[in-house]
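Undergrad: What follows is data-v9.tsv, made up of TSV, C-alpha atoms and all ligand atoms:
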```
chain	number	residue	atom	x	y	z
D	1	MET	CA	208.42	41.22	37.03
D	2	ASN	CA	209.96	37.92	37.93
D	3	GLY	CA	207.80	36.53	40.66
D	4	ILE	CA	209.76	38.30	43.35
D	5	ALA	CA	208.57	41.39	45.13
D	6	ALA	CA	210.15	43.96	42.91
D	7	GLU	CA	209.89	47.14	44.85
D	8	ARG	CA	212.45	48.34	47.30
D	9	GLY	CA	211.64	47.22	50.81
D	10	GLU	CA	209.63	44.11	49.97
D	11	VAL	CA	212.63	41.83	49.67
D	12	LEU	CA	213.52	40.40	53.06
D	13	LEU	CA	217.12	39.50	52.42
D	14	SER	CA	219.69	40.55	49.84
D	15	VAL	CA	222.93	38.63	49.67
D	16	VAL	CA	225.68	40.65	48.00
D	17	VAL	CA	228.64	38.74	46.62
D	18	PRO	CA	231.64	40.40	44.96
D	19	ALA	CA	233.28	38.06	42.50
D	20	TYR	CA	236.63	38.39	40.83
D	21	ASN	CA	237.64	35.36	38.78
D	22	GLU	CA	235.23	33.08	40.59
D	23	ALA	CA	233.66	31.23	37.65
D	24	GLY	CA	233.89	27.91	39.46
D	25	ASN	CA	232.23	29.17	42.63
D	26	VAL	CA	229.20	31.14	41.44
D	27	ARG	CA	226.82	28.21	40.99
D	28	LEU	CA	228.15	26.36	43.97
D	29	LEU	CA	227.59	29.26	46.35
D	30	HIS	CA	224.12	29.99	44.99
D	31	GLY	CA	223.16	26.33	45.29
D	32	ARG	CA	224.24	26.09	48.91
D	33	LEU	CA	222.69	29.35	49.92
D	34	ARG	CA	219.41	28.46	48.28
D	35	GLU	CA	219.29	25.19	50.16
D	36	VAL	CA	220.03	26.77	53.52
D	37	LEU	CA	217.55	29.62	53.08
D	38	ALA	CA	214.83	27.25	51.88
D	39	ALA	CA	215.40	25.00	54.87
D	40	HIS	CA	214.86	27.98	57.17
D	41	GLY	CA	211.94	29.38	55.22
D	42	ILE	CA	213.69	32.66	54.54
D	43	ALA	CA	211.94	34.42	51.64
D	44	PRO	CA	211.68	36.48	49.56
D	45	TRP	CA	215.37	36.92	48.98
D	46	GLU	CA	217.70	37.98	46.22
D	47	MET	CA	221.30	37.32	45.45
D	48	ILE	CA	223.38	40.04	43.82
D	49	PHE	CA	226.64	39.01	42.22
D	50	VAL	CA	229.01	41.82	41.38
D	51	ASP	CA	231.53	40.85	38.75
D	52	ASP	CA	234.53	43.01	39.53
D	53	GLY	CA	236.10	42.92	36.07
D	54	SER	CA	236.90	39.20	36.07
D	55	ARG	CA	239.13	37.81	33.38
D	56	ASP	CA	237.53	34.38	33.36
D	57	ALA	CA	233.98	33.22	32.66
D	58	THR	CA	232.50	34.65	35.88
D	59	TRP	CA	230.10	36.98	34.08
D	60	GLU	CA	228.86	34.23	31.76
D	61	GLU	CA	228.24	32.07	34.81
D	62	ILE	CA	226.31	34.84	36.55
D	63	ARG	CA	224.23	35.55	33.45
D	64	GLY	CA	223.48	31.88	32.97
D	65	LEU	CA	222.44	31.49	36.58
D	66	ALA	CA	220.29	34.63	36.45
D	67	ALA	CA	218.47	33.23	33.42
D	68	GLU	CA	217.54	30.14	35.43
D	69	HIS	CA	216.84	31.70	38.81
D	70	PRO	CA	214.72	34.84	39.19
D	71	GLU	CA	216.28	35.70	42.54
D	72	VAL	CA	219.77	35.99	41.04
D	73	ARG	CA	220.86	39.40	39.80
D	74	GLY	CA	224.14	40.41	38.30
D	75	ILE	CA	226.12	43.62	38.08
D	76	ARG	CA	229.18	43.81	35.93
D	77	LEU	CA	231.72	46.51	36.66
D	78	SER	CA	233.58	47.91	33.68
D	79	ARG	CA	236.93	46.87	35.13
D	80	ASN	CA	238.48	45.64	38.36
D	81	PHE	CA	237.61	48.27	40.96
D	82	GLY	CA	238.58	46.18	43.96
D	83	HIS	CA	236.71	44.21	46.58
D	84	GLN	CA	235.47	47.20	48.62
D	85	TYR	CA	233.93	48.97	45.62
D	86	ALA	CA	232.41	45.77	44.32
D	87	LEU	CA	230.78	45.39	47.72
D	88	LEU	CA	229.56	48.95	47.59
D	89	ALA	CA	228.06	48.49	44.12
D	90	GLY	CA	226.13	45.47	45.33
D	91	MET	CA	225.04	47.23	48.52
D	92	GLU	CA	223.73	50.22	46.61
D	93	ALA	CA	221.72	47.94	44.36
D	94	ALA	CA	220.32	45.77	47.13
D	95	ALA	CA	216.62	46.05	47.97
D	96	GLY	CA	216.44	43.81	51.02
D	97	ARG	CA	215.43	44.93	54.48
D	98	ALA	CA	218.52	43.09	55.60
D	99	VAL	CA	221.63	42.83	53.44
D	100	VAL	CA	224.33	40.22	53.90
D	101	THR	CA	227.69	40.63	52.20
D	102	MET	CA	229.89	37.60	51.72
D	103	ASP	CA	232.79	36.29	49.64
D	104	CYS	CA	232.25	34.14	46.61
D	105	ASP	CA	234.85	31.51	47.44
D	106	LEU	CA	232.76	29.69	50.10
D	107	GLN	CA	235.16	30.68	52.83
D	108	HIS	CA	232.24	32.40	54.51
D	109	PRO	CA	229.90	29.58	55.58
D	110	VAL	CA	226.35	29.97	54.24
D	111	GLU	CA	225.05	28.17	57.33
D	112	LEU	CA	225.71	31.32	59.31
D	113	VAL	CA	223.25	33.43	57.31
D	114	PRO	CA	220.10	32.18	59.13
D	115	GLN	CA	221.84	32.83	62.46
D	116	MET	CA	222.70	36.34	61.34
D	117	LEU	CA	219.07	36.91	60.42
D	118	ALA	CA	217.99	35.63	63.82
D	119	LYS	CA	220.26	38.20	65.48
D	120	TRP	CA	218.84	40.87	63.20
D	121	ARG	CA	215.33	39.92	64.27
D	122	GLU	CA	216.45	40.35	67.87
D	123	GLY	CA	217.07	43.98	66.97
D	124	PHE	CA	220.72	44.28	65.99
D	125	LEU	CA	221.24	46.58	63.02
D	126	VAL	CA	224.71	45.26	62.31
D	127	VAL	CA	225.69	41.61	62.67
D	128	LYS	CA	229.42	41.17	62.21
D	129	THR	CA	231.35	37.97	61.99
D	130	LEU	CA	234.70	37.14	63.49
D	131	ARG	CA	237.00	34.67	61.82
D	132	GLU	CA	238.21	32.08	64.25
D	133	GLU	CA	241.81	31.10	64.06
D	134	THR	CA	242.27	27.90	62.16
D	135	PRO	CA	246.02	27.47	61.85
D	136	SER	CA	245.80	24.76	59.25
D	137	GLU	CA	243.43	26.52	56.92
D	138	LEU	CA	244.78	30.03	56.79
D	139	SER	CA	248.37	30.60	55.90
D	140	TRP	CA	250.71	31.78	58.64
D	141	PHE	CA	251.34	34.93	56.70
D	142	LYS	CA	247.68	35.76	56.34
D	143	ARG	CA	247.01	35.27	60.04
D	144	THR	CA	249.99	37.23	61.26
D	145	SER	CA	249.60	40.08	58.83
D	146	SER	CA	245.91	40.46	59.54
D	147	ARG	CA	246.42	40.42	63.31
D	148	ALA	CA	249.17	43.02	63.06
D	149	PHE	CA	246.96	45.14	60.86
D	150	TYR	CA	244.00	45.15	63.24
D	151	ARG	CA	246.21	46.17	66.14
D	152	LEU	CA	247.85	48.96	64.18
D	153	PHE	CA	244.54	50.15	62.81
D	154	SER	CA	242.90	50.33	66.22
D	155	PHE	CA	245.89	52.16	67.63
D	156	LEU	CA	246.12	54.71	64.86
D	157	SER	CA	242.47	55.37	64.21
D	158	GLY	CA	240.93	55.08	67.64
D	159	VAL	CA	238.17	52.92	66.12
D	160	ASP	CA	238.23	49.57	67.81
D	161	LEU	CA	238.51	46.79	65.25
D	162	GLN	CA	238.46	43.26	66.55
D	163	PRO	CA	241.02	40.95	64.96
D	164	GLY	CA	239.54	38.58	62.41
D	165	LEU	CA	236.69	40.89	61.47
D	166	ALA	CA	235.57	39.96	57.97
D	167	ASP	CA	233.60	41.60	55.19
D	168	PHE	CA	230.98	38.95	55.98
D	169	ARG	CA	228.21	40.83	57.75
D	170	LEU	CA	224.57	41.63	57.89
D	171	LEU	CA	223.40	45.20	57.68
D	172	ASP	CA	219.94	46.44	58.39
D	173	ARG	CA	218.55	48.79	55.75
D	174	ARG	CA	219.07	51.77	58.08
D	175	ALA	CA	222.74	50.97	58.67
D	176	LEU	CA	223.25	50.31	54.97
D	177	ASN	CA	221.67	53.59	53.97
D	178	GLU	CA	224.17	55.37	56.21
D	179	LEU	CA	227.13	53.43	54.83
D	180	VAL	CA	226.40	54.12	51.18
D	181	ARG	CA	226.29	57.84	51.96
D	182	PHE	CA	229.99	57.93	52.70
D	183	ARG	CA	231.54	59.44	49.63
D	184	GLU	CA	235.16	58.96	50.54
D	185	GLU	CA	237.86	57.41	48.45
D	186	GLY	CA	239.80	54.48	49.82
D	187	LEU	CA	236.64	52.93	51.16
D	188	PHE	CA	237.25	50.71	54.17
D	189	LEU	CA	233.91	49.18	55.04
D	190	ARG	CA	235.11	47.29	58.08
D	191	GLY	CA	236.18	50.52	59.74
D	192	LEU	CA	233.13	52.50	58.64
D	193	THR	CA	230.79	49.81	59.93
D	194	GLU	CA	232.25	50.36	63.39
D	195	TRP	CA	232.22	54.10	62.99
D	196	ILE	CA	228.51	54.46	62.24
D	197	GLY	CA	227.60	53.03	65.64
D	198	PHE	CA	224.16	51.32	65.86
D	199	PRO	CA	223.47	48.23	67.97
D	200	ALA	CA	225.84	45.55	66.74
D	201	CYS	CA	226.82	42.04	67.68
D	202	SER	CA	229.16	39.49	66.24
D	203	LEU	CA	229.14	35.79	65.51
D	204	PRO	CA	232.23	33.61	65.28
D	205	TYR	CA	232.82	31.44	62.24
D	206	ARG	CA	235.43	29.07	60.97
D	207	PRO	CA	236.56	29.93	57.48
D	208	GLY	CA	236.31	27.14	54.95
D	209	LYS	CA	238.91	26.45	52.33
D	210	ARG	CA	238.63	28.47	49.13
D	211	VAL	CA	236.87	26.07	46.77
D	212	HIS	CA	237.93	27.17	43.30
D	213	GLY	CA	240.52	29.65	42.11
D	214	VAL	CA	243.14	31.51	44.08
D	215	SER	CA	242.99	34.25	46.68
D	216	GLN	CA	242.80	37.60	44.93
D	217	TYR	CA	244.43	39.43	47.78
D	218	SER	CA	248.03	39.76	46.86
D	219	LEU	CA	250.42	41.30	49.37
D	220	LYS	CA	250.21	44.50	47.36
D	221	LYS	CA	246.42	44.65	47.60
D	222	MET	CA	246.55	43.88	51.32
D	223	ILE	CA	249.02	46.67	52.00
D	224	ARG	CA	246.96	49.04	49.89
D	225	LEU	CA	243.76	48.20	51.76
D	226	GLY	CA	245.55	48.46	55.10
D	227	TRP	CA	247.05	51.83	54.35
D	228	SER	CA	243.87	53.26	52.94
D	229	GLY	CA	242.11	52.04	56.08
D	230	VAL	CA	244.59	53.82	58.29
D	231	SER	CA	244.93	57.02	56.31
D	232	SER	CA	241.21	57.42	55.76
D	233	PHE	CA	240.54	57.08	59.45
D	234	SER	CA	243.27	59.03	61.10
D	235	ILE	CA	245.75	61.81	60.80
D	236	MET	CA	247.84	60.11	63.47
D	237	PRO	CA	250.65	59.36	61.00
D	238	LEU	CA	251.00	63.10	60.51
D	239	ARG	CA	251.24	63.61	64.26
D	240	ILE	CA	253.82	60.88	64.56
D	241	GLY	CA	255.79	63.04	62.15
D	242	ILE	CA	256.06	65.73	64.79
D	243	LEU	CA	257.32	63.16	67.28
D	244	ILE	CA	259.89	61.76	64.89
D	245	GLY	CA	260.92	65.30	64.07
D	246	LEU	CA	261.47	66.07	67.75
D	247	VAL	CA	263.45	62.92	68.42
D	248	GLY	CA	265.40	63.46	65.23
D	249	SER	CA	266.29	67.00	66.19
D	250	LEU	CA	267.64	65.75	69.54
D	251	PHE	CA	269.95	63.46	67.62
D	252	SER	CA	271.08	66.22	65.35
D	253	ALA	CA	271.59	68.54	68.31
D	254	GLY	CA	273.86	65.85	69.76
D	255	GLY	CA	275.67	65.63	66.45
D	256	ILE	CA	276.14	69.37	66.32
D	257	LEU	CA	277.55	69.48	69.87
D	258	TYR	CA	279.81	66.55	69.11
D	259	SER	CA	281.23	68.12	66.00
D	260	PHE	CA	281.59	71.50	67.70
D	261	PHE	CA	283.60	70.17	70.64
D	262	GLY	CA	285.44	67.71	68.44
D	263	ARG	CA	286.57	70.55	66.24
D	264	PHE	CA	288.14	72.52	69.11
D	265	PHE	CA	289.09	69.97	71.75
D	266	GLY	CA	289.17	66.54	70.11
D	267	LYS	CA	292.21	64.73	68.86
D	268	GLY	CA	292.56	62.61	65.78
D	269	ILE	CA	289.11	63.37	64.44
D	270	VAL	CA	288.95	64.01	60.78
D	271	PRO	CA	287.23	67.30	61.31
D	272	GLY	CA	283.55	67.31	60.64
D	273	TRP	CA	283.24	64.28	58.47
D	274	ALA	CA	281.36	61.75	60.61
D	275	SER	CA	279.11	64.24	62.28
D	276	THR	CA	278.16	66.02	59.10
D	277	LEU	CA	277.32	62.80	57.41
D	278	MET	CA	275.36	61.59	60.39
D	279	VAL	CA	273.28	64.70	60.79
D	280	LEU	CA	272.68	65.09	57.10
D	281	SER	CA	271.65	61.54	56.49
D	282	LEU	CA	269.37	61.46	59.50
D	283	LEU	CA	267.63	64.64	58.50
D	284	PHE	CA	267.25	63.58	54.91
D	285	PHE	CA	265.87	60.25	55.99
D	286	LEU	CA	263.24	61.92	58.17
D	287	LEU	CA	262.46	64.54	55.57
D	288	PHE	CA	261.82	62.04	52.84
D	289	ILE	CA	259.63	59.83	54.97
D	290	TYR	CA	257.57	62.81	55.93
D	291	LEU	CA	257.37	64.22	52.49
D	292	GLY	CA	255.92	60.84	51.58
D	293	VAL	CA	253.35	60.90	54.36
D	294	LEU	CA	252.33	64.48	53.59
D	295	GLY	CA	252.12	63.61	49.93
D	296	GLU	CA	249.82	60.73	50.73
D	297	TYR	CA	247.35	62.91	52.58
D	298	ILE	CA	247.50	65.68	50.00
D	299	GLY	CA	246.98	63.04	47.34
D	300	ARG	CA	243.91	61.88	49.21
D	301	MET	CA	242.59	65.42	49.18
D	302	VAL	CA	243.09	65.69	45.44
D	303	VAL	CA	241.26	62.45	44.87
D	304	GLU	CA	238.49	63.50	47.22
D	305	VAL	CA	238.07	66.87	45.57
D	306	ARG	CA	237.75	65.28	42.14
D	307	ARG	CA	234.74	63.27	43.25
D	308	ARG	CA	234.89	60.74	40.51
D	309	PRO	CA	232.31	57.98	40.44
D	310	ARG	CA	233.67	55.18	42.56
D	311	PHE	CA	232.79	52.40	40.19
D	312	ILE	CA	231.29	52.07	36.73
D	313	VAL	CA	228.68	49.50	35.82
D	314	SER	CA	228.87	48.12	32.33
D	315	GLU	CA	225.99	45.62	32.43
D	316	ALA	CA	223.29	44.44	34.77
D	317	VAL	CA	220.92	41.49	34.56
D	318	ASN	CA	217.65	40.58	36.23
D	319	PHE	CA	217.02	43.84	38.01
D	320	PRO	CA	213.39	44.83	38.16
D	321	GLY	CA	212.20	48.37	37.45
D	322	SER	CA	214.60	51.23	37.92
D	323	ARG	CA	217.15	49.23	39.85
D	324	PRO	CA	220.07	48.68	40.24
D	325	PHE	CA	220.84	52.37	40.76
D	326	PRO	CA	217.67	54.42	41.03
D	327	HIS	CA	219.57	57.40	42.51
D	328	ASP	CA	221.89	57.88	39.56
E	401	LIG	N1	237.32	40.23	45.08
E	401	LIG	C1	236.84	41.26	44.26
E	401	LIG	N2	237.74	42.10	43.66
E	401	LIG	C2	239.09	41.99	43.84
E	401	LIG	C3	239.56	40.97	44.72
E	401	LIG	C4	238.65	40.12	45.31
E	401	LIG	O1	235.64	41.40	44.07
E	401	LIG	O2	239.84	42.77	43.28
E	401	LIG	C5	236.36	39.32	45.73
E	401	LIG	C6	236.66	37.84	45.56
E	401	LIG	O3	236.06	37.32	44.39
E	401	LIG	C7	236.04	37.24	46.82
E	401	LIG	C8	236.25	38.33	47.85
E	401	LIG	O4	236.44	39.55	47.12
E	401	LIG	O5	234.66	37.00	46.67
E	401	LIG	C9	237.43	38.07	48.75
E	401	LIG	O6	238.58	37.83	47.99
E	401	LIG	P1	239.62	36.68	48.33
E	401	LIG	O7	238.92	35.41	48.63
E	401	LIG	O8	240.59	36.67	47.21
E	401	LIG	O9	240.28	37.28	49.63
E	401	LIG	P2	240.78	36.49	50.93
E	401	LIG	O10	239.70	35.52	51.32
E	401	LIG	O11	242.04	35.82	50.52
E	401	LIG	O12	240.96	37.59	51.91
E	402	MG	MG	238.80	34.21	50.22
```
Please re-express this file's structure in structure tokens.

TA:
Amino acid sequence: MNGIAAERGEVLLSVVVPAYNEAGNVRLLHGRLREVLAAHGIAPWEMIFVDDGSRDATWEEIRGLAAEHPEVRGIRLSRNFGHQYALLAGMEAAAGRAVVTMDCDLQHPVELVPQMLAKWREGFLVVKTLREETPSELSWFKRTSSRAFYRLFSFLSGVDLQPGLADFRLLDRRALNELVRFREEGLFLRGLTEWIGFPACSLPYRPGKRVHGVSQYSLKKMIRLGWSGVSSFSIMPLRIGILIGLVGSLFSAGGILYSFFGRFFGKGIVPGWASTLMVLSLLFFLLFIYLGVLGEYIGRMVVEVRRRPRFIVSEAVNFPGSRPFPHD
């Protein structure tokens, strides 16, 4: 159709790039990647941009680029579905035998892609990347919060996540086919990539500075991703509830004893006031926290049972044949 092997399986490498308000970066990233891949003789390849409901000219940029370059394809989601779903949309549409996912803001160095492919050729089905600490380039908050998150996640889920693990990775077709089968809500690809097993290795990289635009990960989005990672991987928070309940009931037992003896033997105690308040407030505090946690998991079940589509595509450009979504 466009000079590139059109059928699934004949493309060597697909590079999937989610883009949310990245108008300034689309051409830049494509240009650099093209140079690097050409220098290493990596072909045929395709680049799939997924516009995750951007509010700027990202889609126009993608369309323009796709008109000039046959290897560039674009998917436009009908609204902002979030980074993880944008990744998934691109992964489902990718035809390559190896698929690399990377950010649009040039923080993930394109120079690493040939090295990832080399590892893949050695036989690794998953090539992960680990962000090296660069104090000056990442904000203190970002570093600390991400480190804390990885620790907590590993502890709660029992899936070992290394700190600094990024959504910059290469997946062999076999690993990718497994990943896109997961139908769960609150997709957390970093965790699932560990979970599926398969021979994996990781390469370190130093993140560059975001070239254009601002980071799209607000504190709110980070907390949401973190929590959905934890709650989709473990029911540990529910078990912690039992622990808190036990400890809490010790406290209230103490309070009950105190008020009982105070009532009959104590002097100068306004009868019952402090202890009642203490026991009541403690129990209510615990109850409400745990109603919240239970609600969260029940909410997850409701969402899961509904089985809505996880993203909606409104437009696609430059896809040959029945792609991007032949299974739909
Ligand atoms: N992104 C997206 N949808 C969103 C938020 C971000 O597709 O709702 C994309 C964004 O365009 C970028 C990547 O996900 O390519 C990572 O986002 P960002 O650079 O804002 O995250 P950070 O590097 O700060 O973790
Ligand atoms: Mg970034």

Undergrad: Around ligand LIG 401 (chain E), at most 6 Å away and counting all atoms listed in the file, which residues are there? Put them as an mmCIF file with C-alpha atoms, in the frame of the given file, please.

TA:
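Contents of result06.cif, freshly written:
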```cif
data_model
loop_
_atom_site.group_PDB
_atom_site.id
_atom_site.type_symbol
_atom_site.label_atom_id
_atom_site.label_comp_id
_atom_site.auth_asym_id
_atom_site.auth_seq_id
_atom_site.Cartn_x
_atom_site.Cartn_y
_atom_site.Cartn_z
ATOM 1 C CA PRO D 18 231.640 40.400 44.960
ATOM 2 C CA ALA D 19 233.280 38.060 42.500
ATOM 3 C CA TYR D 20 236.630 38.390 40.830
ATOM 4 C CA GLU D 22 235.230 33.080 40.590
ATOM 5 C CA ASP D 52 234.530 43.010 39.530
ATOM 6 C CA ASN D 80 238.480 45.640 38.360
ATOM 7 C CA GLY D 82 238.580 46.180 43.960
ATOM 8 C CA HIS D 83 236.710 44.210 46.580
ATOM 9 C CA ALA D 86 232.410 45.770 44.320
ATOM 10 C CA ASP D 103 232.790 36.290 49.640
ATOM 11 C CA CYS D 104 232.250 34.140 46.610
ATOM 12 C CA ASP D 105 234.850 31.510 47.440
ATOM 13 C CA SER D 215 242.990 34.250 46.680
ATOM 14 C CA GLN D 216 242.800 37.600 44.930
ATOM 15 C CA TYR D 217 244.430 39.430 47.780
#
```

Undergrad: Smallest atom-to-atom distance to Ser249 of chain D: which of D:Phe81, D:Phe284, D:Phe141, D:Trp195, using only C-alpha atoms?

TA: D:Phe284

Undergrad: Of the candidates D:Phe153, D:Phe124, D:Phe168, D:Phe49, which shows the shortest atom-to-atom distance to ligand MG 402 (chain E), using only C-alpha atoms and all ligand atoms?

TA: D:Phe168

Undergrad: Write out as a list in words which residues come within 12 Å of Arg63 of chain D when counting only C-alpha atoms, dropping same-chain ones fewer than 6 positions away.

TA: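 Near Arg63 of chain D, the qualifying residues are Ala23, Val26, Arg27, Ile48, Phe49, Val50, Asp51, Ala57, His69, Pro70, Val72, Arg73, Gly74, Ile75, Arg76, Glu315, Ala316, Val317, Asn318 and Phe319 of chain D.
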
Undergrad: Quick one: which segment 24-123 of chain D residues come within 10 Å of segment 172-181 of chain D, and what is the nearest atom pair for each with the distance in Å to one decimal, counting only C-alpha atoms, rows ordered by chain and ascending number, as JSON lines?

TA:
```
{"residue": "D:Leu88", "atom": "CA", "partner": "D:Val180", "partner_atom": "CA", "distance": 7.0}
{"residue": "D:Ala89", "atom": "CA", "partner": "D:Val180", "partner_atom": "CA", "distance": 9.2}
{"residue": "D:Met91", "atom": "CA", "partner": "D:Leu176", "partner_atom": "CA", "distance": 7.4}
{"residue": "D:Glu92", "atom": "CA", "partner": "D:Val180", "partner_atom": "CA", "distance": 6.6}
{"residue": "D:Ala94", "atom": "CA", "partner": "D:Arg173", "partner_atom": "CA", "distance": 9.3}
{"residue": "D:Ala95", "atom": "CA", "partner": "D:Arg173", "partner_atom": "CA", "distance": 8.5}
{"residue": "D:Gly96", "atom": "CA", "partner": "D:Arg173", "partner_atom": "CA", "distance": 7.2}
{"residue": "D:Arg97", "atom": "CA", "partner": "D:Arg173", "partner_atom": "CA", "distance": 5.1}
{"residue": "D:Ala98", "atom": "CA", "partner": "D:Asp172", "partner_atom": "CA", "distance": 4.6}
{"residue": "D:Val99", "atom": "CA", "partner": "D:Asp172", "partner_atom": "CA", "distance": 6.4}
{"residue": "D:Val100", "atom": "CA", "partner": "D:Asp172", "partner_atom": "CA", "distance": 8.8}
{"residue": "D:Leu117", "atom": "CA", "partner": "D:Asp172", "partner_atom": "CA", "distance": 9.8}
{"residue": "D:Trp120", "atom": "CA", "partner": "D:Asp172", "partner_atom": "CA", "distance": 7.4}
{"residue": "D:Arg121", "atom": "CA", "partner": "D:Asp172", "partner_atom": "CA", "distance": 9.9}
{"residue": "D:Gly123", "atom": "CA", "partner": "D:Asp172", "partner_atom": "CA", "distance": 9.4}
```

Undergrad: In Å, how far is it from atom CA of Glu61 of chain D to atom CA of Gly186 of chain D?

TA: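 Straight-line distance from atom CA of Glu61 of chain D to atom CA of Gly186 of chain D works out to 29.3 Å.
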
Undergrad: In Å, with one decimal, what is the gap from atom CA of Val247 of chain D to atom CA of Phe260 of chain D?

TA: 20.1 Å

Undergrad: Set the distance at 10 Å and use all atoms listed in the file: which residues neighbour Val279 of chain D once local chain neighbours fewer than 2 positions away are removed? I'd like the list as a list in words.

TA: Gly248, Ser249, Phe251, Ser252, Ala253, Gly254, Gly255, Ile256, Ala274, Ser275, Thr276, Leu277, Ser281, Leu282, Leu283, Phe284 and Phe285 of chain D

Undergrad: What is the atom CA of Leu130 of chain D to atom CA of Arg169 of chain D distance in Å?

TA: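 Atom-to-atom, atom CA of Leu130 of chain D to atom CA of Arg169 of chain D, that is 9.4 Å.
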